[in-house]
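The data block below is run-v4.pdb; it holds PDB, C-alpha atoms and all ligand atoms.
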```
ATOM      1  CA  MET A 253      -1.962 -37.149   8.524
ATOM      2  CA  GLY A 254      -2.120 -33.840   6.821
ATOM      3  CA  ASP A 255      -4.964 -32.775   4.592
ATOM      4  CA  GLY A 256      -3.234 -31.384   1.518
ATOM      5  CA  ILE A 257      -3.817 -27.736   0.860
ATOM      6  CA  SER A 258      -4.778 -26.611   4.368
ATOM      7  CA  ASP A 259      -1.683 -28.367   5.730
ATOM      8  CA  TYR A 260       0.386 -26.483   3.196
ATOM      9  CA  THR A 261      -1.007 -23.087   4.176
ATOM     10  CA  LYS A 262      -0.737 -23.929   7.896
ATOM     11  CA  ASN A 263       3.045 -24.299   7.654
ATOM     12  CA  MET A 264       3.643 -21.508   5.200
ATOM     13  CA  VAL A 265       4.921 -18.188   6.524
ATOM     14  CA  ASP A 266       3.451 -15.645   4.175
ATOM     15  CA  LEU A 267       3.960 -11.893   4.329
ATOM     16  CA  ARG A 268       0.903 -11.170   6.495
ATOM     17  CA  ARG A 269       1.723 -13.868   8.967
ATOM     18  CA  HIS A 270       5.348 -12.753   9.125
ATOM     19  CA  MET A 271       4.465  -9.131   9.855
ATOM     20  CA  TRP A 272       1.975 -10.221  12.489
ATOM     21  CA  MET A 273       4.569 -12.473  14.166
ATOM     22  CA  ALA A 274       7.173  -9.713  13.947
ATOM     23  CA  GLY A 275       4.837  -7.361  15.806
ATOM     24  CA  VAL A 276       4.501  -4.806  12.991
ATOM     25  CA  GLU A 277       1.766  -2.367  13.928
ATOM     26  CA  VAL A 278      -1.584  -3.313  12.404
ATOM     27  CA  GLU A 279      -2.088  -0.347  10.045
ATOM     28  CA  LEU A 280       1.492  -0.487   8.836
ATOM     29  CA  ARG A 281       1.295  -4.182   8.086
ATOM     30  CA  ARG A 282      -1.948  -3.755   6.171
ATOM     31  CA  LEU A 283      -0.377  -0.964   4.161
ATOM     32  CA  ILE A 284       2.762  -2.969   3.369
ATOM     33  CA  TRP A 285       0.619  -5.896   2.274
ATOM     34  CA  GLN A 286      -1.507  -3.697   0.008
ATOM     35  CA  ILE A 287       1.616  -2.285  -1.618
ATOM     36  CA  ALA A 288       3.117  -5.742  -2.103
ATOM     37  CA  VAL A 289      -0.079  -6.766  -3.892
ATOM     38  CA  VAL A 290       0.508  -3.937  -6.381
ATOM     39  CA  GLY A 291       3.664  -5.808  -7.437
ATOM     40  CA  LYS A 292       1.450  -8.418  -9.072
ATOM     41  CA  TYR A 293      -0.362  -5.819 -11.168
ATOM     42  CA  ILE A 294       2.809  -4.000 -12.177
ATOM     43  CA  SER A 295       4.403  -7.249 -13.198
ATOM     44  CA  ALA A 296       1.309  -8.065 -15.276
ATOM     45  CA  LYS A 297       1.774  -4.720 -17.061
ATOM     46  CA  ILE A 298       5.416  -5.542 -17.759
ATOM     47  CA  HIS A 299       4.338  -8.859 -19.171
ATOM     48  CA  GLU A 300       1.780  -7.121 -21.375
ATOM     49  CA  ALA A 301       4.440  -4.709 -22.649
ATOM     50  CA  ASN A 302       6.702  -7.603 -23.505
ATOM     51  CA  ARG A 303       3.905  -9.308 -25.431
ATOM     52  CA  LYS A 304       3.578  -6.102 -27.429
ATOM     53  CA  LEU A 305       7.286  -6.241 -28.170
ATOM     54  CA  ALA A 306       6.666  -9.715 -29.530
ATOM     55  CA  GLY A 307       4.093  -8.350 -31.961
ATOM     56  CA  PHE A 308       0.890  -8.740 -29.907
ATOM     57  CA  LYS A 309      -1.464  -5.755 -30.015
ATOM     58  CA  ASN A 310      -3.480  -4.225 -27.219
ATOM     59  CA  ILE A 311      -6.879  -5.811 -27.847
ATOM     60  CA  TYR A 312      -8.704  -2.483 -27.483
ATOM     61  CA  GLY A 313      -6.285  -0.650 -29.774
ATOM     62  CA  GLU A 314      -5.953   2.095 -27.148
ATOM     63  CA  ASP A 315      -2.978   4.346 -26.630
ATOM     64  CA  GLN A 316      -0.972   2.864 -23.850
ATOM     65  CA  LEU A 317       0.595   4.837 -21.058
ATOM     66  CA  SER A 318       4.304   4.252 -20.613
ATOM     67  CA  LEU A 319       5.069   1.496 -18.133
ATOM     68  CA  ASP A 320       6.386   4.033 -15.619
ATOM     69  CA  ARG A 321       3.155   6.018 -15.803
ATOM     70  CA  SER A 322       0.838   3.038 -15.642
ATOM     71  CA  SER A 323       2.760   1.582 -12.676
ATOM     72  CA  ASP A 324       2.360   4.944 -10.962
ATOM     73  CA  GLU A 325      -1.398   4.948 -11.676
ATOM     74  CA  ILE A 326      -1.824   1.439 -10.299
ATOM     75  CA  LEU A 327       0.031   2.314  -7.121
ATOM     76  CA  LYS A 328      -1.749   5.621  -6.605
ATOM     77  CA  ASN A 329      -5.176   4.003  -7.071
ATOM     78  CA  GLN A 330      -4.360   1.279  -4.603
ATOM     79  CA  LEU A 331      -3.136   3.761  -1.990
ATOM     80  CA  GLN A 332      -6.037   6.143  -2.544
ATOM     81  CA  PHE A 333      -8.455   3.649  -1.051
ATOM     82  CA  SER A 334      -6.114   1.959   1.400
ATOM     83  CA  GLY A 335      -7.346   4.036   4.302
ATOM     84  CA  PHE A 336      -3.808   4.479   5.593
ATOM     85  CA  VAL A 337      -2.183   7.054   3.301
ATOM     86  CA  ARG A 338      -2.624  10.842   3.312
ATOM     87  CA  GLU A 339       0.125  11.844   0.877
ATOM     88  CA  TYR A 340       1.715  10.190  -2.117
ATOM     89  CA  ALA A 341       5.064  11.352  -3.490
ATOM     90  CA  SER A 342       6.172   9.663  -6.694
ATOM     91  CA  GLU A 343       9.050   9.984  -9.126
ATOM     92  CA  GLU A 344       6.351  10.173 -11.815
ATOM     93  CA  GLN A 345       4.558  13.180 -10.264
ATOM     94  CA  GLU A 346       5.744  16.770 -10.086
ATOM     95  CA  LYS A 347       4.238  17.425  -6.673
ATOM     96  CA  ILE A 348       3.257  15.559  -3.558
ATOM     97  CA  ILE A 349      -0.359  14.449  -4.010
ATOM     98  CA  SER A 350      -2.923  14.494  -1.211
ATOM     99  CA  ILE A 351      -4.994  11.333  -1.218
ATOM    100  CA  GLY A 352      -7.470   9.835   1.218
ATOM    101  CA  THR A 353      -9.214  12.079   3.732
ATOM    102  CA  GLY A 354      -6.113  13.786   5.087
ATOM    103  CA  SER A 355      -6.239  12.222   8.516
ATOM    104  CA  GLU A 356      -4.502   8.967   7.571
ATOM    105  CA  LYS A 357      -1.308   8.024   9.297
ATOM    106  CA  TYR A 358       1.207   7.546   6.486
ATOM    107  CA  ILE A 359       2.999   9.248   3.627
ATOM    108  CA  VAL A 360       4.269   6.983   0.864
ATOM    109  CA  THR A 361       7.113   7.673  -1.567
ATOM    110  CA  ALA A 362       7.525   5.632  -4.726
ATOM    111  CA  ASP A 363       9.711   4.895  -7.653
ATOM    112  CA  PRO A 364       6.895   2.876  -9.247
ATOM    113  CA  LEU A 365       9.124   1.369 -11.897
ATOM    114  CA  ASP A 366      12.882   1.609 -11.696
ATOM    115  CA  GLY A 367      14.959   0.613 -14.701
ATOM    116  CA  SER A 368      12.142   0.659 -17.243
ATOM    117  CA  SER A 369      14.651   1.056 -20.073
ATOM    118  CA  LEU A 370      15.699  -2.538 -19.316
ATOM    119  CA  VAL A 371      12.253  -3.987 -20.061
ATOM    120  CA  GLU A 372      12.996  -4.749 -23.701
ATOM    121  CA  THR A 373      16.205  -6.563 -22.756
ATOM    122  CA  ASN A 374      14.287  -8.821 -20.347
ATOM    123  CA  LEU A 375      16.559  -7.935 -17.422
ATOM    124  CA  ALA A 376      15.101  -7.571 -13.939
ATOM    125  CA  ILE A 377      13.535  -4.261 -12.881
ATOM    126  CA  GLY A 378      11.762  -3.141  -9.726
ATOM    127  CA  THR A 379       9.588  -0.900  -7.565
ATOM    128  CA  ILE A 380      10.919   1.050  -4.552
ATOM    129  CA  ILE A 381       8.735   2.294  -1.696
ATOM    130  CA  GLY A 382       9.364   4.398   1.424
ATOM    131  CA  ILE A 383       6.763   4.777   4.192
ATOM    132  CA  HIS A 384       6.904   7.837   6.451
ATOM    133  CA  LYS A 385       4.844   9.146   9.308
ATOM    134  CA  GLU A 386       5.812  12.773   8.913
ATOM    135  CA  SER A 387       6.361  15.225   6.112
ATOM    136  CA  VAL A 388       9.194  14.108   3.847
ATOM    137  CA  LEU A 389      10.536  17.494   2.726
ATOM    138  CA  ASP A 390      12.784  19.947   4.561
ATOM    139  CA  THR A 391      12.535  18.356   7.981
ATOM    140  CA  GLY A 392      16.107  17.031   8.266
ATOM    141  CA  LYS A 393      14.558  14.431  10.581
ATOM    142  CA  LYS A 394      14.524  10.706   9.975
ATOM    143  CA  THR A 395      10.874  10.192   9.090
ATOM    144  CA  MET A 396      10.921   6.733   7.493
ATOM    145  CA  VAL A 397       9.228   3.917   9.387
ATOM    146  CA  ALA A 398       9.365   1.204   6.734
ATOM    147  CA  ALA A 399      10.661   0.524   3.235
ATOM    148  CA  LEU A 400      10.225  -2.195   0.667
ATOM    149  CA  TYR A 401      11.134  -3.083  -2.859
ATOM    150  CA  MET A 402       9.915  -5.601  -5.394
ATOM    151  CA  THR A 403      12.045  -7.181  -8.110
ATOM    152  CA  TYR A 404      10.441  -8.338 -11.346
ATOM    153  CA  GLY A 405      12.784 -10.992 -12.699
ATOM    154  CA  PRO A 406      12.490 -14.714 -13.321
ATOM    155  CA  LEU A 407      10.631 -14.577  -9.989
ATOM    156  CA  ILE A 408       8.881 -11.696  -8.279
ATOM    157  CA  THR A 409      10.531 -11.061  -4.944
ATOM    158  CA  MET A 410       9.871  -8.518  -2.217
ATOM    159  CA  VAL A 411      12.114  -7.286   0.572
ATOM    160  CA  TYR A 412      10.657  -5.239   3.402
ATOM    161  CA  SER A 413      11.814  -3.724   6.630
ATOM    162  CA  ALA A 414       9.591  -2.121   9.223
ATOM    163  CA  GLY A 415      12.557  -1.359  11.452
ATOM    164  CA  CYS A 416      13.111  -4.890  12.779
ATOM    165  CA  GLY A 417      15.448  -6.497  10.275
ATOM    166  CA  ALA A 418      15.138  -6.989   6.520
ATOM    167  CA  HIS A 419      13.214  -9.963   5.162
ATOM    168  CA  GLU A 420      12.875 -11.463   1.701
ATOM    169  CA  PHE A 421       9.715 -13.014   0.218
ATOM    170  CA  VAL A 422       9.042 -14.775  -3.063
ATOM    171  CA  LEU A 423       5.701 -14.668  -4.830
ATOM    172  CA  ASN A 424       4.591 -18.271  -5.313
ATOM    173  CA  ARG A 425       2.295 -19.682  -7.959
ATOM    174  CA  GLU A 426      -0.694 -19.343  -5.661
ATOM    175  CA  GLY A 427      -0.067 -15.596  -5.504
ATOM    176  CA  GLU A 428       1.234 -15.513  -1.915
ATOM    177  CA  TYR A 429       4.420 -13.806  -0.832
ATOM    178  CA  VAL A 430       6.218 -16.629   0.995
ATOM    179  CA  LEU A 431       9.100 -16.029   3.378
ATOM    180  CA  ALA A 432      12.432 -16.838   1.743
ATOM    181  CA  GLN A 433      14.903 -15.309   4.215
ATOM    182  CA  GLU A 434      14.322 -13.735   7.566
ATOM    183  CA  ASN A 435      16.732 -11.209   9.103
ATOM    184  CA  ILE A 436      19.128 -10.960   6.177
ATOM    185  CA  LEU A 437      22.525 -10.076   7.581
ATOM    186  CA  LEU A 438      25.406  -8.758   5.470
ATOM    187  CA  LYS A 439      28.961  -9.913   6.104
ATOM    188  CA  ALA A 440      31.346  -7.146   7.164
ATOM    189  CA  LYS A 441      32.995  -7.331   3.728
ATOM    190  CA  GLY A 442      31.822  -8.681   0.385
ATOM    191  CA  SER A 443      33.420  -9.547  -2.948
ATOM    192  CA  ILE A 444      31.294  -7.874  -5.646
ATOM    193  CA  PHE A 445      31.032  -4.263  -6.769
ATOM    194  CA  SER A 446      28.512  -2.433  -8.889
ATOM    195  CA  PRO A 447      29.788   0.965 -10.062
ATOM    196  CA  GLY A 448      27.520   3.329 -11.998
ATOM    197  CA  GLY A 449      28.434   6.262 -14.236
ATOM    198  CA  LEU A 450      30.945   6.552 -17.056
ATOM    199  CA  ARG A 451      34.474   5.829 -15.881
ATOM    200  CA  ARG A 452      35.866   8.802 -17.809
ATOM    201  CA  GLU A 453      33.533  11.082 -15.815
ATOM    202  CA  TRP A 454      34.490   9.783 -12.400
ATOM    203  CA  LEU A 455      36.357  12.131 -10.063
ATOM    204  CA  PRO A 456      39.968  11.190  -9.145
ATOM    205  CA  ASP A 457      39.275   9.992  -5.568
ATOM    206  CA  HIS A 458      36.403   7.785  -6.699
ATOM    207  CA  LEU A 459      38.571   6.294  -9.450
ATOM    208  CA  LYS A 460      41.289   5.471  -6.898
ATOM    209  CA  PHE A 461      38.713   3.799  -4.669
ATOM    210  CA  ILE A 462      37.365   1.628  -7.502
ATOM    211  CA  GLU A 463      40.902   0.720  -8.583
ATOM    212  CA  ALA A 464      41.593  -0.434  -5.012
ATOM    213  CA  LEU A 465      38.520  -2.713  -5.119
ATOM    214  CA  GLU A 466      39.637  -4.093  -8.487
ATOM    215  CA  LYS A 467      43.120  -4.742  -7.116
ATOM    216  CA  ASP A 468      41.547  -6.551  -4.189
ATOM    217  CA  GLY A 469      39.812  -8.946  -6.622
ATOM    218  CA  TYR A 470      36.229  -7.641  -6.419
ATOM    219  CA  LYS A 471      34.030  -8.972  -9.205
ATOM    220  CA  LEU A 472      32.112  -6.524 -11.397
ATOM    221  CA  ARG A 473      28.319  -6.965 -11.197
ATOM    222  CA  TYR A 474      26.357  -4.159 -12.864
ATOM    223  CA  SER A 475      23.051  -4.705 -14.638
ATOM    224  CA  GLY A 476      22.013  -1.047 -14.920
ATOM    225  CA  GLY A 477      18.949  -1.644 -12.760
ATOM    226  CA  PHE A 478      19.282  -0.133  -9.302
ATOM    227  CA  VAL A 479      16.836  -2.573  -7.683
ATOM    228  CA  PRO A 480      18.381  -5.836  -8.929
ATOM    229  CA  ASP A 481      21.898  -4.462  -8.405
ATOM    230  CA  ILE A 482      21.125  -3.582  -4.777
ATOM    231  CA  ASN A 483      19.245  -6.849  -4.372
ATOM    232  CA  GLN A 484      22.326  -8.720  -5.512
ATOM    233  CA  VAL A 485      24.475  -7.114  -2.814
ATOM    234  CA  LEU A 486      21.829  -7.884  -0.198
ATOM    235  CA  ILE A 487      21.151 -11.484  -1.196
ATOM    236  CA  LYS A 488      24.848 -12.273  -1.718
ATOM    237  CA  LYS A 489      25.315 -10.808   1.767
ATOM    238  CA  GLY A 490      27.886  -8.185   0.925
ATOM    239  CA  GLY A 491      29.619  -5.972  -1.592
ATOM    240  CA  LEU A 492      29.081  -2.444  -2.796
ATOM    241  CA  PHE A 493      26.810  -0.484  -5.123
ATOM    242  CA  THR A 494      27.842   3.043  -6.023
ATOM    243  CA  TYR A 495      26.565   5.765  -8.290
ATOM    244  CA  PRO A 496      29.080   8.529  -7.676
ATOM    245  CA  ALA A 497      29.387  12.229  -8.312
ATOM    246  CA  LEU A 498      30.308  12.744 -11.961
ATOM    247  CA  GLN A 499      32.196  15.627 -13.535
ATOM    248  CA  LYS A 500      29.051  16.920 -15.208
ATOM    249  CA  SER A 501      26.624  15.890 -12.467
ATOM    250  CA  PRO A 502      28.160  16.378  -9.027
ATOM    251  CA  GLN A 503      25.021  14.948  -7.387
ATOM    252  CA  GLY A 504      25.146  11.736  -9.418
ATOM    253  CA  LYS A 505      21.984  10.300 -10.936
ATOM    254  CA  LEU A 506      19.930   8.557  -8.281
ATOM    255  CA  ARG A 507      17.151  10.239  -6.334
ATOM    256  CA  LEU A 508      17.497  10.653  -2.615
ATOM    257  CA  LEU A 509      13.852  10.434  -1.599
ATOM    258  CA  PHE A 510      12.523   7.831  -4.025
ATOM    259  CA  GLU A 511      15.506   5.551  -4.536
ATOM    260  CA  LEU A 512      18.362   6.034  -2.090
ATOM    261  CA  GLN A 513      16.719   6.516   1.299
ATOM    262  CA  PRO A 514      14.406   3.473   1.116
ATOM    263  CA  MET A 515      17.333   1.273   0.030
ATOM    264  CA  ALA A 516      19.570   2.783   2.744
ATOM    265  CA  PHE A 517      16.873   1.968   5.323
ATOM    266  CA  ILE A 518      16.734  -1.671   4.207
ATOM    267  CA  MET A 519      20.525  -1.994   3.885
ATOM    268  CA  GLU A 520      21.100  -0.605   7.400
ATOM    269  CA  GLN A 521      18.505  -3.011   8.754
ATOM    270  CA  ALA A 522      20.586  -5.801   7.206
ATOM    271  CA  GLY A 523      23.728  -4.565   8.949
ATOM    272  CA  GLY A 524      25.015  -2.596   5.964
ATOM    273  CA  ARG A 525      25.637   1.112   5.438
ATOM    274  CA  ALA A 526      24.913   3.893   2.982
ATOM    275  CA  THR A 527      26.704   7.221   2.583
ATOM    276  CA  ASP A 528      27.088  10.014   0.047
ATOM    277  CA  GLY A 529      30.823   9.868   0.806
ATOM    278  CA  ARG A 530      30.612  11.895   4.023
ATOM    279  CA  THR A 531      27.113  11.777   5.450
ATOM    280  CA  ASP A 532      24.756   8.845   5.983
ATOM    281  CA  ILE A 533      22.122   8.776   3.246
ATOM    282  CA  LEU A 534      19.346   8.647   5.860
ATOM    283  CA  SER A 535      20.683  11.784   7.581
ATOM    284  CA  LEU A 536      20.635  13.905   4.416
ATOM    285  CA  LYS A 537      17.957  16.565   4.339
ATOM    286  CA  VAL A 538      15.583  16.214   1.406
ATOM    287  CA  GLU A 539      14.820  19.699   0.068
ATOM    288  CA  SER A 540      13.186  18.839  -3.230
ATOM    289  CA  LEU A 541      11.506  15.825  -4.736
ATOM    290  CA  ASP A 542      14.034  15.460  -7.540
ATOM    291  CA  GLN A 543      17.114  15.925  -5.331
ATOM    292  CA  CYS A 544      19.904  13.504  -6.260
ATOM    293  CA  SER A 545      22.917  12.352  -4.291
ATOM    294  CA  PRO A 546      26.058  10.338  -4.877
ATOM    295  CA  VAL A 547      25.790   6.999  -3.101
ATOM    296  CA  TYR A 548      28.013   4.258  -1.684
ATOM    297  CA  ILE A 549      25.844   1.495  -0.264
ATOM    298  CA  GLY A 550      26.566  -2.045   0.868
ATOM    299  CA  SER A 551      28.575  -3.838   3.502
ATOM    300  CA  ALA A 552      30.404  -1.897   6.196
ATOM    301  CA  ALA A 553      34.027  -2.428   5.076
ATOM    302  CA  GLU A 554      33.515  -1.145   1.522
ATOM    303  CA  VAL A 555      31.389   1.832   2.584
ATOM    304  CA  GLU A 556      33.944   2.859   5.233
ATOM    305  CA  MET A 557      36.721   2.397   2.677
ATOM    306  CA  ALA A 558      34.892   4.692   0.251
ATOM    307  CA  LYS A 559      34.670   7.340   2.966
ATOM    308  CA  GLN A 560      38.420   7.132   3.540
ATOM    309  CA  TYR A 561      39.150   7.644  -0.167
ATOM    310  CA  LEU A 562      36.704  10.513  -0.499
ATOM    311  CA  LYS A 563      37.839  12.454   2.554
TER     312      LYS A 563
HETATM  313  P1  LIG A 601      15.856   5.170 -15.152
HETATM  314  O1  LIG A 601      15.187   5.900 -14.027
HETATM  315  O2  LIG A 601      16.094   5.994 -16.363
HETATM  316  O3  LIG A 601      15.189   3.867 -15.447
HETATM  317  O4  LIG A 601      17.316   4.882 -14.646
HETATM  318  C1  LIG A 601      17.607   3.737 -13.946
HETATM  319  C2  LIG A 601      18.663   4.064 -12.955
HETATM  320  C3  LIG A 601      18.974   2.922 -12.008
HETATM  321  O5  LIG A 601      18.079   1.875 -12.085
HETATM  322  C4  LIG A 601      20.356   2.470 -12.401
HETATM  323  O6  LIG A 601      21.095   2.164 -11.259
HETATM  324  C5  LIG A 601      20.918   3.635 -13.133
HETATM  325  O7  LIG A 601      19.841   4.365 -13.641
HETATM  326  C6  LIG A 601      21.789   3.200 -14.273
HETATM  327  O8  LIG A 601      22.336   4.308 -14.859
HETATM  328  P2  LIG A 601      23.468   4.203 -15.970
HETATM  329  O9  LIG A 601      22.758   3.755 -17.198
HETATM  330  O10 LIG A 601      24.005   5.601 -16.059
HETATM  331  O11 LIG A 601      24.494   3.216 -15.496
HETATM  332 MN    MN A 602      14.463   4.950 -10.780
HETATM  333 MN    MN A 603      11.160   5.158 -12.242
END
```
What does this structure look like when you write it as structure tokens?
Amino acid sequence: MGDGISDYTKNMVDLRRHMWMAGVEVELRRLIWQIAVVGKYISAKIHEANRKLAGFKNIYGEDQLSLDRSSDEILKNQLQFSGFVREYASEEQEKIISIGTGSEKYIVTADPLDGSSLVETNLAIGTIIGIHKESVLDTGKKTMVAALYMTYGPLITMVYSAGCGAHEFVLNREGEYVLAQENILLKAKGSIFSPGGLRREWLPDHLKFIEALEKDGYKLRYSGGFVPDINQVLIKKGGLFTYPALQKSPQGKLRLLFELQPMAFIMEQAGGRATDGRTDILSLKVESLDQCSPVYIGSAAEVEMAKQYLK
């Protein structure tokens, strides 16, 4: 006979237990867990902002930071005292910030809140994190050791990879991240596509590629939130997300360090690929924090097909 709650927790694979069983190094798994916890606070902020939209006032009558800024603050404060992070690079900060004592093992990159313009529409948004051991700028080396993202939608979910597969967790009502899918594996070819940028600004080769997908019967799935759009490709086990070079912005819109490389890391761990059209996203040298890149990310067949069209 089981004894209720303890029986329940005994059989539950939560994030900490999963990382321990997967053999993730102790400091890295503590860091990943601390970052995942931040998801709860960010989602509480989103909730608060939505209450304001519905006419509720901040009880203290204070000026509120934007959601992007407050998410950044929450994350930075958490990492500051984690004991594992020496540098913090965020989309919301102009420079890389030194935190901790300087002798900590990891450097963390963050897009604290991606897709914040979608908050008022009540669509899903997210947080994207990269974890590195070495300096993230100008090295041309692959420095990432883990990546994760959270989605704030009807449920809060979290996908992480520490280099041994990609795994999905769902935050339950008790506040635990519970394993939903272990070792997510993309099919070689999917059936959905998610193309960013105005069609009239696409370059001719990209247009031909998208027309080929349309002819092949791919279904359009674009929410305008990078995290949920990528998450859809991953959870549906295939398909393609792209934000291409545009006539007026040859490097596209999405940021290499904060957005593309962490997602490329996770996608590759799930058997997918990510390229700028020629070079793997993870092999691109990051020279500045705000560097952007075109991206084609998803299952192997579509990414290889994109490369053929863009040659
Ligand atoms: P922002 O950083 O302004 O919130 O932009 C969100 C990003 C990303 O989430 C999404 O994939 C892309 O912008 C959507 O851009 P378009 O509106 O140009 O499609
Ligand atoms: Mn973003
Ligand atoms: Mn952002």
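For the set A:Lys467, A:Ala362, A:Met410, A:Pro514, the residue with the smallest atom-to-atom gap to Met396 (chain A) is A:Pro514, counting only C-alpha atoms.
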Expressed in Å, the length from CA of Pro546 (chain A) to CA of Pro456 (chain A) is 14.6 Å
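All residues of protein, DNA or RNA that reach within 10 Å of Ser318 (chain A), judged by only C-alpha atoms and not counting those fewer than 6 positions away in the chain, are Lys297, Ala301, Asp324 and Ser368 of chain A.
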C-alpha atoms of the current selection, written as a short mmCIF file (atom, residue, chain, number, x, y, z; two decimals), keeping the file's coordinate frame:
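The resulting file, out.cif, is shown below:
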```cif
data_model
loop_
_atom_site.label_atom_id
_atom_site.label_comp_id
_atom_site.auth_asym_id
_atom_site.auth_seq_id
_atom_site.Cartn_x
_atom_site.Cartn_y
_atom_site.Cartn_z
CA LYS A 297 1.77 -4.72 -17.06
CA ALA A 301 4.44 -4.71 -22.65
CA ASP A 324 2.36 4.94 -10.96
CA SER A 368 12.14 0.66 -17.24
#
```
Could you give me, as number ranges by chain, every polymer residue with an atom at most 8 Å away from an atom of ligand LIG 601 (chain A), counting all atoms listed in the file?
A: 365-370, 377, 447-450, 475-479, 481, 495, 505-506
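For region 556-563 of chain A, the list of residues within 10 Å, based on all atoms listed in the file and with local chain neighbours fewer than 5 positions off taken out, reads Leu455, Pro456, Asp457, His458, Leu459, Lys460, Phe461, Ile462, Ala464, Leu465, Leu492, Thr494, Arg525, Ala526, Thr527, Asp528, Gly529, Arg530, Thr531, Val547, Tyr548, Ile549, Gly550 and Ser551 of chain A.
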Between A:Ser387, A:Ser342, A:Thr373, A:Asn435, which is the closest to ligand MN 602 (chain A) once you count only C-alpha atoms and all ligand atoms?
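Among the listed residues, A:Ser342 lies closest to ligand MN 602 (chain A).
Close contacts of Asn483 (chain A), defined as residues with an atom at most 10 Å away when counting only C-alpha atoms, with chain neighbours fewer than 6 positions off set aside, comprise Gly378, Tyr401, Met402, Thr403, Thr409, Met410, Val411, Glu420, Gly477, Lys489, Phe493, Met515 and Met519 of chain A.
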One number please: CA of Gly415 (chain A) to CA of His270 (chain A), in Å, one decimal.
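Spanning CA of Gly415 (chain A) to CA of His270 (chain A) is a straight-line distance of 13.7 Å.
When only C-alpha atoms and all ligand atoms are used to compute distances to ligand MN 602 (chain A), the closest of the residues A:Gly405, A:Phe421, A:Ile380, A:Glu386 turns out to be A:Ile380.
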Which is closer to ligand MN 602 (chain A) than all the others in A:Ala440, A:Asp363, A:Leu541, A:Arg303, using only C-alpha atoms and all ligand atoms?
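Comparing A:Ala440, A:Asp363, A:Leu541, A:Arg303 against ligand MN 602 (chain A), the winner is A:Asp363.
For the atom pair formed by CA of Tyr412 (chain A) and CA of Gln521 (chain A), the distance is 9.8 Å, given to one decimal.
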Selection result of the PyMOL selection byres (((chain A and resi 330-338) around 9) and not hetatm) on this file, as a ChimeraX atom specification
/A:279-280,282-283,286-287,290,325-329,339-340,349-360
Quick one: what's the axis-aligned box for region 513-523 of chain A, all listed atoms, 3 Å on every side, centre and edges in Å to one decimal, as lines of an AutoDock Vina configuration file?
```
center_x = 19.1
center_y = 0.4
center_z = 4.5
size_x = 15.3
size_y = 18.3
size_z = 14.9
```
